[in-house]
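All remarks here apply to the structure that follows.
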Amino acid sequence: MPNVWEEALLNLRKAAEIIYLEPELRTRLSTPMRFTEFTIPLRRDDGRKELYTAYRCLHQDATGPTKDGTRIRPGLTPEEIKALSLFMSIKHAVAGIPAGGGKGGIKADPSDLSEGEYERLVRGFIRRLIPKGAHRDVPGADIGTDARAMAWMLDEYEQISGFHSPAAINDKPAALGGSLGGHEATGWGVSECAVMAGATLGLGPGSTVAIQGFGQVGSIAALTLWEKGFKVISVSDVFGAVINPNGIDIGKLFEHTTKTGKVNGFYGAAALEGSVLEVECDILIPAAVQDVIHESNAKAIKAKLIVEAANAPIAPAADPILLAAGKAIVPDVVANCGGVVVCDFERTQGLSNDYWPLEKVKSRLLERMGRAYGETAALSADLGVPMRQAAWAMALKKIRVSMLLRGWS
Ligand code: NAD
């Protein structure tokens with residue numbers, strides 16, 4: 001397992017060199033502002049008492065209150081949480097969101113817990129963490145947490161603080177002040193990046209697309225591109241992959257996966273032998289897990305454009321191989337920042353008590369995606385560096401301005 005914190009610092013170092021970031025700011029951003037490790041006691045249904053380890057990392061708050069997800073998974077490490085908090089600082093800056101980077105989590109296996117145990121665990125997380133509210137640090141959802149968990153976290157926070165504060169917790173259900181469009185946001189943003197980057201390469205509607213992962217992000221990206229006239233020819237999930245060179249009817253694939261829970265067996269496509277990543281296509285969207293494109297398979301990628309929907313789907317060693325082969329890459333911090341944009345909208349709506357219709361959420365999201373992609377592409381051309389380095393450099397420039405204005409250097 002690669003050290004994700006070291007990988008994140010590598011990106012930081014490269015971008016810091018590009019913008020000649022002041023050494024003291026470089027040191028400051030290479031060290032999280034605050035890292036908290038704590039334990040949560042949990043009474044299991046059978047009476048056993050267990051202790052779970054939890055973390056919350058606040059990377060920097062020069063750009064605004066820290067924000068973002070709560071990951072619950074077995075094997076969770078402090079390095080993973082630190083790296084994700086740094087990623088959140090970068091994503092917020094890329095998307096023009098006035099927020100710092102935060103991430104938290106619990107080392108636990110949700111599938112090993114009853115519903116009651118899971119509820120007590122997430123409530124315990126808030127009780128032990130005592131988040132400081134909408135103007136300081138706003139936890140949201142991530143792997144292992146969903147709208148239901150965030151509703152319990154909000155309730156626990158409001159019970160402790162003694163007042164209603166919907167903006168203090170993100171990714172909650174709309175009935176409790178969540179934003180419409182939260183589920184679709186990242187997939188919409190990914191497809192918008194594919195359209196914008198595709199246009200610069202002459203890859204418009206009719207171009208072929210392969211997508212790894214048909215979950216929340218991959219399925220919405222597939223549906224949106226299909227609706228725009230792109231030919232989605234191959235789709236995979238953790239159980240297998242399907243292919244149809246004439247294009248898959250994504251609407252019907254949705255009906256199939258809703259019934260069966262997997263893409264395998266879909267009557268409108270054949271089973272794919274081999275990897276979806278290596279399919280002959282114009283646009284590849286890895287939307288599953290990290291490091292799926294690595295040194296050993298990078299040369300086998302045929303797509304001209306790769307849009308990183310997952311976090312870090314391209315391992316650092318594969319990046320130069322793909323770039324040398326002339327592949328265009330829209331990096332994760334740009335391609336999948338749609339989710340954090342709508343989280344920011346959620347906080348804004350909670351603070352103002354003015355809840356937006358879906359059309360407003362979507363149009364403002366697409367406008368933000370256009371700006372984030374456009375600014376990154378322009379800096380990439382200006383500096384003559386790949387989009388990934390340009391995105392990190394742009395983010396560091398914005399964070400640097402906030403730090404310097406605050407007199408932090
Ligand atoms: P999800 O759990 O809803 O879906 C993941 C999909 O990937 C599923 O179809 C699963 O079967 C498939 N998958 C898992 N492991 C696989 C493997 N080894 N090979 C092929 N397919 C595999 O997750 P999601 O919310 O769609 O997120 C997908 C990725 O995007 C993750 O890396 C996540 O961290 C990242 N991401 C998600 C969001 C968001 O808003 N959900 C935001 C930013 C980044």
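Going by the structure tokens order, chains are called A, B, ..., each with residues numbered from 1, while ligands are numbered from 1 in the order shown.
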As JSON, numbers by chain, which residues of stretch 130-374 of chain A does DSSP assign to strand (DSSP E)? {"A": [137, 138, 139, 208, 209, 210, 211, 212, 231, 232, 233, 234, 235, 236, 237, 240, 241, 242, 243, 270, 271, 283, 284, 285, 286, 305, 306, 307, 328, 329, 330]}
Residue subset to file, keeping N, CA, C and O atoms, as a short mmCIF file (atom, residue, chain, number, x, y, z; two decimals), in the first residue's frame:
data_model
loop_
_atom_site.label_atom_id
_atom_site.label_comp_id
_atom_site.auth_asym_id
_atom_site.auth_seq_id
_atom_site.Cartn_x
_atom_site.Cartn_y
_atom_site.Cartn_z
N ASP A 137 -15.32 24.34 11.62
CA ASP A 137 -14.99 23.05 11.00
C ASP A 137 -16.29 22.29 10.75
O ASP A 137 -17.06 22.08 11.68
N VAL A 138 -16.50 21.89 9.50
CA VAL A 138 -17.78 21.28 9.11
C VAL A 138 -17.55 19.86 8.60
O VAL A 138 -17.11 19.67 7.47
N PRO A 139 -17.84 18.83 9.40
CA PRO A 139 -17.70 17.46 8.90
C PRO A 139 -18.76 17.13 7.86
O PRO A 139 -19.89 17.61 7.93
N THR A 208 -16.20 7.87 -28.10
CA THR A 208 -16.43 6.69 -27.27
C THR A 208 -15.85 6.86 -25.86
O THR A 208 -14.79 7.49 -25.69
N VAL A 209 -16.55 6.29 -24.89
CA VAL A 209 -16.19 6.48 -23.48
C VAL A 209 -16.19 5.12 -22.77
O VAL A 209 -17.08 4.29 -23.00
N ALA A 210 -15.18 4.89 -21.90
CA ALA A 210 -15.17 3.70 -21.04
C ALA A 210 -15.10 4.19 -19.59
O ALA A 210 -14.36 5.14 -19.29
N ILE A 211 -15.88 3.54 -18.73
CA ILE A 211 -15.96 4.02 -17.33
C ILE A 211 -15.73 2.86 -16.37
O ILE A 211 -16.41 1.84 -16.42
N GLN A 212 -14.74 3.02 -15.47
CA GLN A 212 -14.52 2.02 -14.42
C GLN A 212 -15.26 2.46 -13.17
O GLN A 212 -14.96 3.52 -12.63
N LYS A 231 -20.85 8.11 -26.79
CA LYS A 231 -21.11 6.67 -26.91
C LYS A 231 -20.37 5.95 -25.78
O LYS A 231 -19.14 5.77 -25.88
N VAL A 232 -21.08 5.61 -24.72
CA VAL A 232 -20.45 4.89 -23.60
C VAL A 232 -20.40 3.41 -24.00
O VAL A 232 -21.42 2.75 -24.08
N ILE A 233 -19.19 2.92 -24.31
CA ILE A 233 -19.11 1.56 -24.88
C ILE A 233 -18.75 0.50 -23.84
O ILE A 233 -18.98 -0.68 -24.08
N SER A 234 -18.16 0.90 -22.71
CA SER A 234 -17.78 -0.12 -21.73
C SER A 234 -17.92 0.45 -20.32
O SER A 234 -17.55 1.60 -20.06
N VAL A 235 -18.46 -0.38 -19.42
CA VAL A 235 -18.67 0.03 -18.03
C VAL A 235 -18.31 -1.16 -17.14
O VAL A 235 -18.60 -2.30 -17.50
N SER A 236 -17.69 -0.86 -16.00
CA SER A 236 -17.36 -1.97 -15.09
C SER A 236 -17.79 -1.64 -13.67
O SER A 236 -18.06 -0.48 -13.34
N ASP A 237 -17.85 -2.67 -12.84
CA ASP A 237 -17.96 -2.47 -11.40
C ASP A 237 -17.06 -3.52 -10.75
O ASP A 237 -16.29 -4.20 -11.44
N GLY A 240 -17.39 -7.12 -12.38
CA GLY A 240 -17.08 -7.44 -13.78
C GLY A 240 -17.30 -6.24 -14.67
O GLY A 240 -17.51 -5.12 -14.20
N ALA A 241 -17.24 -6.49 -16.01
CA ALA A 241 -17.35 -5.39 -16.96
C ALA A 241 -18.13 -5.83 -18.19
O ALA A 241 -18.15 -7.01 -18.52
N VAL A 242 -18.78 -4.86 -18.85
CA VAL A 242 -19.52 -5.16 -20.08
C VAL A 242 -19.07 -4.22 -21.18
O VAL A 242 -18.53 -3.14 -20.92
N ILE A 243 -19.30 -4.65 -22.44
CA ILE A 243 -18.89 -3.83 -23.58
C ILE A 243 -19.89 -3.97 -24.72
O ILE A 243 -20.45 -5.05 -24.93
N ALA A 270 -22.05 -7.19 -24.09
CA ALA A 270 -21.41 -8.49 -23.85
C ALA A 270 -20.47 -8.38 -22.66
O ALA A 270 -20.01 -7.27 -22.32
N ALA A 271 -20.18 -9.52 -22.05
CA ALA A 271 -19.19 -9.50 -20.96
C ALA A 271 -17.83 -9.13 -21.54
O ALA A 271 -17.49 -9.57 -22.65
N ILE A 283 -12.28 8.41 -24.53
CA ILE A 283 -12.24 9.00 -23.18
C ILE A 283 -12.36 7.89 -22.14
O ILE A 283 -13.26 7.04 -22.23
N LEU A 284 -11.46 7.91 -21.16
CA LEU A 284 -11.50 6.92 -20.08
C LEU A 284 -11.80 7.64 -18.76
O LEU A 284 -11.16 8.65 -18.45
N ILE A 285 -12.76 7.11 -18.02
CA ILE A 285 -13.11 7.72 -16.73
C ILE A 285 -12.95 6.67 -15.62
O ILE A 285 -13.83 5.84 -15.40
N PRO A 286 -11.81 6.68 -14.91
CA PRO A 286 -11.68 5.78 -13.76
C PRO A 286 -12.47 6.36 -12.59
O PRO A 286 -12.12 7.43 -12.08
N LEU A 305 -7.96 10.76 -23.75
CA LEU A 305 -8.25 11.65 -22.62
C LEU A 305 -8.65 10.81 -21.39
O LEU A 305 -9.48 9.91 -21.51
N ILE A 306 -8.03 11.11 -20.25
CA ILE A 306 -8.40 10.42 -19.00
C ILE A 306 -8.94 11.48 -18.03
O ILE A 306 -8.27 12.48 -17.76
N VAL A 307 -10.16 11.26 -17.56
CA VAL A 307 -10.77 12.20 -16.61
C VAL A 307 -10.83 11.46 -15.26
O VAL A 307 -11.56 10.48 -15.12
N ALA A 328 -4.05 13.23 -22.58
CA ALA A 328 -4.50 14.40 -21.81
C ALA A 328 -5.15 13.86 -20.52
O ALA A 328 -5.87 12.87 -20.56
N ILE A 329 -4.83 14.52 -19.39
CA ILE A 329 -5.37 14.06 -18.10
C ILE A 329 -6.03 15.23 -17.38
O ILE A 329 -5.38 16.27 -17.16
N VAL A 330 -7.31 15.08 -17.04
CA VAL A 330 -7.94 16.07 -16.15
C VAL A 330 -7.79 15.50 -14.74
O VAL A 330 -8.36 14.45 -14.42
#
Shell of 8 Å around stretch 49-61 of chain A, only C-alpha atoms, local chain residues under 5 positions omitted, as number ranges by chain: A: 29, 31-44, 66, 78, 81-82, 85-86, 89, 99-108, 125, 129
Show me, as a Markdown table, the residues of chain A having an atom within 8 Å of ligand 1, each with the closest atom pair and its distance in Å, using only C-alpha atoms and all ligand atoms.
| residue | atom | partner | partner_atom_place_in_ligand_line | distance |
| --- | --- | --- | --- | --- |
| A:Asp142 | CA | ligand 1 | 41 (N) | 7.2 |
| A:Ile143 | CA | ligand 1 | 34 (O) | 7.0 |
| A:Gly182 | CA | ligand 1 | 40 (O) | 7.7 |
| A:His183 | CA | ligand 1 | 40 (O) | 6.9 |
| A:Glu184 | CA | ligand 1 | 40 (O) | 7.7 |
| A:Ala185 | CA | ligand 1 | 40 (O) | 6.8 |
| A:Thr186 | CA | ligand 1 | 40 (O) | 4.9 |
| A:Gly187 | CA | ligand 1 | 40 (O) | 7.5 |
| A:Gln212 | CA | ligand 1 | 21 (N) | 5.6 |
| A:Gly213 | CA | ligand 1 | 7 (O) | 3.5 |
| A:Phe214 | CA | ligand 1 | 9 (O) | 3.7 |
| A:Gly215 | CA | ligand 1 | 4 (O) | 3.2 |
| A:Gln216 | CA | ligand 1 | 26 (O) | 3.7 |
| A:Val217 | CA | ligand 1 | 26 (O) | 3.7 |
| A:Gly218 | CA | ligand 1 | 26 (O) | 5.6 |
| A:Ser219 | CA | ligand 1 | 26 (O) | 7.4 |
| A:Ser236 | CA | ligand 1 | 21 (N) | 5.8 |
| A:Asp237 | CA | ligand 1 | 21 (N) | 3.8 |
| A:Val238 | CA | ligand 1 | 22 (C) | 3.7 |
| A:Phe239 | CA | ligand 1 | 11 (O) | 6.5 |
| A:Gly240 | CA | ligand 1 | 20 (C) | 7.2 |
| A:Lys262 | CA | ligand 1 | 11 (O) | 7.5 |
| A:Ala287 | CA | ligand 1 | 29 (C) | 4.8 |
| A:Ala288 | CA | ligand 1 | 7 (O) | 3.6 |
| A:Val289 | CA | ligand 1 | 32 (O) | 4.2 |
| A:Gln290 | CA | ligand 1 | 32 (O) | 6.0 |
| A:Val292 | CA | ligand 1 | 18 (N) | 7.5 |
| A:Ala309 | CA | ligand 1 | 30 (O) | 5.4 |
| A:Ala310 | CA | ligand 1 | 30 (O) | 3.5 |
| A:Asn311 | CA | ligand 1 | 32 (O) | 4.8 |
| A:Ala312 | CA | ligand 1 | 32 (O) | 7.6 |
| A:Pro313 | CA | ligand 1 | 32 (O) | 7.5 |
| A:Asp332 | CA | ligand 1 | 44 (C) | 7.6 |
| A:Asn336 | CA | ligand 1 | 43 (C) | 4.9 |
| A:Cys337 | CA | ligand 1 | 43 (C) | 6.4 |
| A:Gly338 | CA | ligand 1 | 42 (C) | 7.3 |
| A:Gly339 | CA | ligand 1 | 40 (O) | 4.7 |
| A:Val340 | CA | ligand 1 | 42 (C) | 7.4 |
Which of these residues is nearest to A:Gln349, using only C-alpha atoms: A:Val361, A:Leu154, A:Ile314, A:Met369?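 Among the listed residues, A:Val361 lies closest to A:Gln349.
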